[in-house]
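Structure file entry_36.txt with compact mmCIF, C-alpha atoms and all ligand atoms:
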```
# COMPACT_ATOMS: atom_id res chain seq x y z
CA MET A 1 -64.06 3.32 149.71
CA ASP A 2 -64.00 6.73 148.03
CA PHE A 3 -60.87 7.84 146.18
CA HIS A 4 -60.42 11.58 145.58
CA VAL A 5 -57.70 12.47 143.10
CA ILE A 6 -56.53 16.09 142.98
CA THR A 7 -54.82 16.60 139.62
CA LEU A 8 -54.30 19.11 136.83
CA PHE A 9 -54.96 16.24 134.37
CA PRO A 10 -58.14 14.46 135.46
CA GLN A 11 -58.99 13.36 131.91
CA VAL A 12 -55.81 11.26 131.71
CA CYS A 13 -56.57 9.42 134.94
CA ARG A 14 -60.31 8.99 134.39
CA LEU A 15 -59.72 6.91 131.27
CA TYR A 16 -57.80 4.46 133.41
CA THR A 17 -60.12 4.25 136.41
CA ASP A 18 -63.24 3.96 134.23
CA SER A 19 -61.85 0.90 132.46
CA SER A 20 -61.92 -2.80 133.29
CA ILE A 21 -62.08 -3.86 136.95
CA LEU A 22 -61.95 -0.37 138.49
CA GLY A 23 -64.67 0.78 136.08
CA ARG A 24 -66.92 -2.11 137.05
CA ALA A 25 -66.28 -1.57 140.76
CA GLN A 26 -67.76 1.94 140.43
CA LYS A 27 -70.99 0.60 138.97
CA ASP A 28 -73.86 -1.06 140.74
CA LYS A 29 -72.89 -4.43 139.31
CA LYS A 30 -71.84 -7.72 140.74
CA GLY A 31 -68.35 -8.84 139.74
CA LYS A 32 -67.90 -12.19 137.99
CA GLY A 33 -67.95 -14.84 140.71
CA SER A 34 -68.40 -12.21 143.44
CA LYS A 35 -71.23 -12.14 145.95
CA VAL A 36 -70.82 -8.47 146.84
CA ARG A 37 -73.53 -6.25 145.36
CA GLY A 38 -73.56 -2.49 144.81
CA LYS A 39 -70.81 0.02 144.21
CA LYS A 40 -67.52 -0.96 145.78
CA ILE A 41 -65.62 2.25 145.10
CA ALA A 42 -66.06 5.80 143.84
CA VAL A 43 -63.24 7.69 142.13
CA ASN A 44 -63.70 11.46 142.09
CA TYR A 45 -61.50 14.02 140.40
CA TYR A 46 -60.77 17.63 141.35
CA ASN A 47 -58.75 20.02 139.22
CA PRO A 48 -56.93 22.71 141.25
CA ARG A 49 -57.52 25.03 138.29
CA ASP A 50 -61.24 25.03 139.18
CA PHE A 51 -60.35 26.28 142.66
CA THR A 52 -58.26 29.32 141.74
CA GLU A 53 -59.50 32.83 142.47
CA ASP A 54 -57.51 34.91 139.99
CA PRO A 55 -58.62 35.66 136.41
CA HIS A 56 -55.72 33.65 134.95
CA CYS A 57 -56.56 30.51 136.95
CA GLN A 58 -52.92 30.26 138.00
CA VAL A 59 -52.02 26.98 139.71
CA ASP A 60 -48.23 27.43 139.92
CA ASP A 61 -45.73 30.14 140.83
CA ARG A 62 -42.00 30.73 141.21
CA PRO A 63 -40.30 29.12 144.21
CA TYR A 64 -39.39 31.29 147.22
CA GLY A 65 -35.63 31.43 147.60
CA GLY A 66 -35.08 31.14 143.88
CA GLY A 67 -34.11 28.16 141.76
CA PRO A 68 -35.46 26.65 138.58
CA GLY A 69 -38.99 25.55 137.79
CA MET A 70 -42.39 26.29 139.23
CA VAL A 71 -44.17 25.15 142.38
CA MET A 72 -47.83 24.20 142.68
CA LYS A 73 -49.70 26.78 144.74
CA ALA A 74 -51.17 25.63 148.05
CA LEU A 75 -54.58 27.32 148.09
CA PRO A 76 -56.16 25.76 144.97
CA ILE A 77 -55.15 22.33 146.29
CA LEU A 78 -56.42 23.06 149.81
CA ARG A 79 -59.76 24.25 148.42
CA ALA A 80 -60.01 21.13 146.25
CA TRP A 81 -59.39 19.03 149.37
CA GLN A 82 -62.15 20.96 151.20
CA LYS A 83 -64.56 20.20 148.39
CA ALA A 84 -63.59 16.50 148.41
CA VAL A 85 -63.70 15.68 152.13
CA GLY A 86 -63.83 18.96 154.07
CA ARG A 87 -67.44 18.54 155.12
CA LYS A 88 -67.26 14.91 156.19
CA ARG A 89 -68.33 14.03 159.70
CA ASN A 90 -65.71 13.49 162.37
CA LYS A 91 -66.11 9.73 162.48
CA VAL A 92 -65.30 9.28 158.81
CA LYS A 93 -61.76 8.04 158.36
CA ILE A 94 -59.76 10.08 155.86
CA LYS A 95 -56.16 9.59 154.71
CA THR A 96 -54.43 12.25 152.63
CA LEU A 97 -51.43 11.37 150.47
CA ILE A 98 -49.10 13.60 148.47
CA MET A 99 -47.32 11.91 145.57
CA SER A 100 -43.64 12.66 146.01
CA PRO A 101 -40.37 11.01 144.92
CA GLN A 102 -38.89 11.62 148.39
CA GLY A 103 -41.88 10.12 150.22
CA LYS A 104 -42.20 6.80 152.00
CA GLN A 105 -42.12 3.83 149.60
CA PHE A 106 -45.62 2.58 148.76
CA THR A 107 -45.94 -1.19 149.25
CA GLN A 108 -48.56 -3.94 149.19
CA GLU A 109 -48.70 -3.57 152.98
CA CYS A 110 -49.79 0.09 152.63
CA ALA A 111 -52.50 -0.93 150.14
CA LYS A 112 -53.85 -3.55 152.55
CA ARG A 113 -53.71 -1.31 155.60
CA TRP A 114 -55.37 1.69 153.93
CA ALA A 115 -58.10 -0.50 152.40
CA ARG A 116 -58.88 -1.82 155.88
CA LYS A 117 -58.61 1.44 157.80
CA TYR A 118 -60.01 4.31 155.73
CA ASP A 119 -63.29 5.38 154.11
CA HIS A 120 -61.70 8.12 151.98
CA LEU A 121 -58.29 8.30 150.34
CA VAL A 122 -57.25 11.70 148.97
CA LEU A 123 -54.38 11.58 146.47
CA ILE A 124 -52.64 14.83 145.58
CA CYS A 125 -50.69 14.78 142.30
CA GLY A 126 -47.74 17.12 142.00
CA ARG A 127 -46.34 18.58 138.78
CA TYR A 128 -43.32 20.79 138.01
CA GLU A 129 -41.04 21.09 141.09
CA GLY A 130 -43.72 19.77 143.42
CA VAL A 131 -46.32 21.10 145.84
CA ASP A 132 -45.99 24.02 148.31
CA HIS A 133 -44.96 22.32 151.56
CA ARG A 134 -47.78 23.98 153.52
CA VAL A 135 -50.25 21.57 151.89
CA LYS A 136 -48.59 18.71 153.73
CA VAL A 137 -48.63 20.57 157.04
CA ALA A 138 -52.19 21.93 156.75
CA LEU A 139 -53.71 18.58 155.76
CA GLU A 140 -51.44 16.41 157.95
CA ALA A 141 -50.74 14.51 154.78
CA GLU A 142 -48.22 11.74 154.18
CA GLU A 143 -45.76 11.88 151.26
CA VAL A 144 -45.56 8.63 149.30
CA SER A 145 -43.29 7.48 146.51
CA VAL A 146 -44.00 4.63 144.11
CA GLY A 147 -40.32 3.92 143.49
CA PRO A 148 -36.77 5.24 143.27
CA TYR A 149 -37.16 7.19 140.04
CA ILE A 150 -38.53 10.62 139.14
CA LEU A 151 -41.62 10.99 136.96
CA THR A 152 -43.00 14.19 135.44
CA GLY A 153 -46.16 14.12 137.54
CA GLY A 154 -48.05 12.41 140.35
CA GLU A 155 -50.81 11.02 138.12
CA LEU A 156 -49.23 7.61 137.45
CA PRO A 157 -48.33 7.17 141.14
CA ALA A 158 -51.93 8.08 142.12
CA MET A 159 -53.24 5.49 139.67
CA ILE A 160 -50.88 2.84 141.04
CA ILE A 161 -52.00 3.50 144.59
CA THR A 162 -55.71 3.64 143.66
CA ASP A 163 -55.44 0.39 141.72
CA ALA A 164 -53.47 -1.56 144.32
CA THR A 165 -55.68 -0.33 147.19
CA ALA A 166 -59.01 -0.84 145.37
CA ARG A 167 -58.27 -4.46 144.55
CA GLN A 168 -57.88 -5.16 148.28
CA LEU A 169 -61.50 -4.13 148.90
CA LYS A 170 -64.19 -6.76 149.17
CA GLY A 171 -65.98 -7.50 145.90
CA VAL A 172 -63.68 -5.49 143.62
CA LEU A 173 -62.03 -8.58 142.15
CA GLY A 174 -64.27 -11.25 140.68
CA SER A 175 -63.24 -14.00 143.03
CA SER A 176 -61.19 -13.58 146.18
CA SER A 177 -58.83 -16.33 145.02
CA SER A 178 -57.22 -13.81 142.64
CA LEU A 179 -56.26 -11.70 145.65
CA GLU A 180 -52.69 -12.79 146.13
CA ASP A 181 -49.90 -11.27 148.07
CA THR A 182 -46.84 -9.80 146.41
CA ARG A 183 -46.00 -13.10 144.72
CA PRO A 184 -48.77 -14.87 142.81
CA ALA A 185 -49.49 -18.54 143.56
CA ARG A 186 -49.52 -19.20 139.81
CA PRO A 187 -46.30 -17.53 138.73
CA VAL A 188 -46.52 -18.74 135.13
CA VAL A 189 -49.81 -18.84 133.22
CA TYR A 190 -50.95 -20.09 129.82
CA THR A 191 -54.12 -19.99 127.74
CA ARG A 192 -55.32 -21.47 124.43
CA PRO A 193 -53.99 -22.67 122.04
CA ALA A 194 -51.96 -25.48 123.62
CA LYS A 195 -49.52 -25.38 120.70
CA LEU A 196 -48.42 -22.16 119.03
CA LYS A 197 -45.98 -21.57 116.22
CA PHE A 198 -43.82 -18.44 116.11
CA LYS A 199 -40.89 -17.92 113.73
CA GLY A 200 -40.92 -21.62 112.86
CA VAL A 201 -40.67 -22.77 116.50
CA ILE A 202 -43.49 -24.65 118.21
CA HIS A 203 -44.18 -23.54 121.80
CA GLU A 204 -46.25 -25.95 123.86
CA VAL A 205 -48.14 -25.61 127.12
CA PRO A 206 -46.67 -27.96 129.78
CA GLN A 207 -48.62 -31.20 129.53
CA VAL A 208 -49.52 -31.34 133.23
CA LEU A 209 -51.65 -28.17 132.88
CA THR A 210 -53.76 -29.70 130.10
CA GLU A 211 -54.57 -32.90 131.95
CA GLY A 212 -56.76 -31.57 134.77
CA ASN A 213 -55.03 -33.37 137.68
CA HIS A 214 -55.30 -30.60 140.27
CA LEU A 215 -52.89 -32.13 142.74
CA ALA A 216 -50.25 -32.53 140.03
CA ILE A 217 -50.86 -28.95 138.89
CA LYS A 218 -50.40 -27.66 142.43
CA GLU A 219 -47.08 -29.51 142.73
CA TRP A 220 -46.00 -28.23 139.32
CA ASN A 221 -46.74 -24.62 140.36
CA LYS A 222 -44.66 -25.07 143.52
CA THR A 223 -41.72 -26.38 141.49
CA VAL A 224 -41.90 -23.41 139.09
CA VAL A 225 -41.83 -20.97 142.03
CA LYS A 226 -38.89 -22.82 143.57
CA ASN A 227 -36.88 -22.96 140.35
CA ASN A 228 -37.52 -19.47 139.08
CA PHE A 229 -38.46 -17.10 141.84
CA GLN A 230 -36.51 -18.00 144.97
N1 LIG A 301 -37.64 18.38 141.42
C1 LIG A 301 -38.67 17.59 141.98
C2 LIG A 301 -39.32 16.79 140.90
C3 LIG A 301 -40.76 16.67 141.08
S1 LIG A 301 -41.43 15.56 139.94
C4 LIG A 301 -38.09 16.67 143.02
O1 LIG A 301 -36.96 16.23 142.84
O2 LIG A 301 -38.77 16.36 144.02
C5 LIG A 301 -43.05 16.20 139.78
C6 LIG A 301 -44.11 15.47 140.55
O3 LIG A 301 -44.20 14.14 140.10
C7 LIG A 301 -43.91 15.38 142.04
O4 LIG A 301 -44.39 16.51 142.70
C8 LIG A 301 -44.70 14.13 142.40
O5 LIG A 301 -46.06 14.44 142.61
C9 LIG A 301 -44.58 13.29 141.14
N2 LIG A 301 -43.59 12.20 141.24
C10 LIG A 301 -42.46 12.09 140.51
N3 LIG A 301 -41.80 10.95 140.80
C11 LIG A 301 -42.54 10.30 141.74
C12 LIG A 301 -42.40 9.07 142.44
N4 LIG A 301 -41.36 8.27 142.24
N5 LIG A 301 -43.36 8.74 143.33
C13 LIG A 301 -44.42 9.56 143.56
N6 LIG A 301 -44.60 10.74 142.92
C14 LIG A 301 -43.69 11.10 142.01
```
Just give me the structure of the file as structure tokens.
Ligand code: SAH
Amino acid sequence: MDFHVITLFPQVCRLYTDSSILGRAQKDKKGKGSKVRGKKIAVNYYNPRDFTEDPHCQVDDRPYGGGPGMVMKALPILRAWQKAVGRKRNKVKIKTLIMSPQGKQFTQECAKRWARKYDHLVLICGRYEGVDHRVKVALEAEEVSVGPYILTGGELPAMIITDATARQLKGVLGSSSSLEDTRPARPVVYTRPAKLKFKGVIHEVPQVLTEGNHLAIKEWNKTVVKNNFQ
């Protein structure tokens, strides 16, 4: 799948998507324990500032009807979209999303569905008071929110959606067993050392996990879920 992020701050996002699992998924490398070869994803960035036509490279302007703040201009974003996916053939499946606090709540279900259905995901990051509404209309885009709070920009939401959707794609995670639903099968995890001392208190790993009896471990995990998360 190709992700196309339209943002005024590509350098901030690129650091994230070039790291760790998403970074590896963009290279021609096999993941640890994965049988899928080749690139699994591409993440491309487009800065609306590069698509302006005035000498000042203006990407925002005052809102019609008055009121505080600035609004992101439509044309630089529309041109960036054209560059990203405008020339794709008809059969290619494209979904365009606008990051917006009043959009539909993004969920694990969206991540799964989009990973299954689309070849290209375009993510438009707003700043200031948001994006000229004509972008939504012209691109038949969907507004999505990552939660009931207001951030200063759409970059973090775009990263959340890219991350959650990418890990649903075949071969992105090392082994498919890590691909859990909203609640992990191992809700509580430990690693070495088995005994650690902090502020004079010794914290131990539950004995059952150190003994290698897989059936007992499975039962123990179930009990933890039952006692803590239901
Ligand atoms: N006054 C505006 C605030 C926009 S916040 C309003 O109330 O709608 C600036 C940008 O941050 C938005 O355009 C959007 O792209 C992004 N943003 C902020 N909170 C978000 C959220 N919860 N989910 C998705 N995008 C968000």
(message) Around ligand LIG 301 (chain A), which protein and nucleic acid residues have at least one atom no more than 8 Å from it, if we count all atoms listed in the file? List them as a VMD selection string.
(response) chain A and resid 98 to 103 124 to 131 144 to 158
(request) May I ask for the distance between atom CA of A:Thr17 and atom CA of A:Arg89, given in Å to one decimal place? (result)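 Computing the Euclidean distance for atom CA of A:Thr17 and atom CA of A:Arg89 yields 26.6 Å.
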Return as AutoDock Vina command-line options the box centre and box size in Å, one decimal, for an axis-aligned box around all listed atoms of stretch 120-139 of chain A padded by 6 Å per side.
```
--center_x -51.4 --center_y 16.1 --center_z 147.5 --size_x 32.7 --size_y 27.9 --size_z 31.0
```
(request) Name the closest residue to A:Val122 among the candidates A:Trp81, A:Ile41, A:Cys110, A:Thr210; distances are taken between atoms, counting all atoms listed in the file. (result) A:Trp81
(request) Measuring atom to atom with all atoms listed in the file, identify which of A:Glu142, A:Leu123, A:His133, A:Asn44 is nearest to A:Tyr64. (result)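 Of A:Glu142, A:Leu123, A:His133, A:Asn44, the one nearest A:Tyr64, counting all atoms listed in the file, is A:His133.
Between atom CA of A:Lys39 and atom CA of A:Thr96 the interatomic distance comes to 22.1 Å.
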(message) Just to confirm, what's the straight-line distance from atom CA of A:Ala138 to atom CA of A:Arg79 in Å (one decimal)?
(response) 11.5 Å
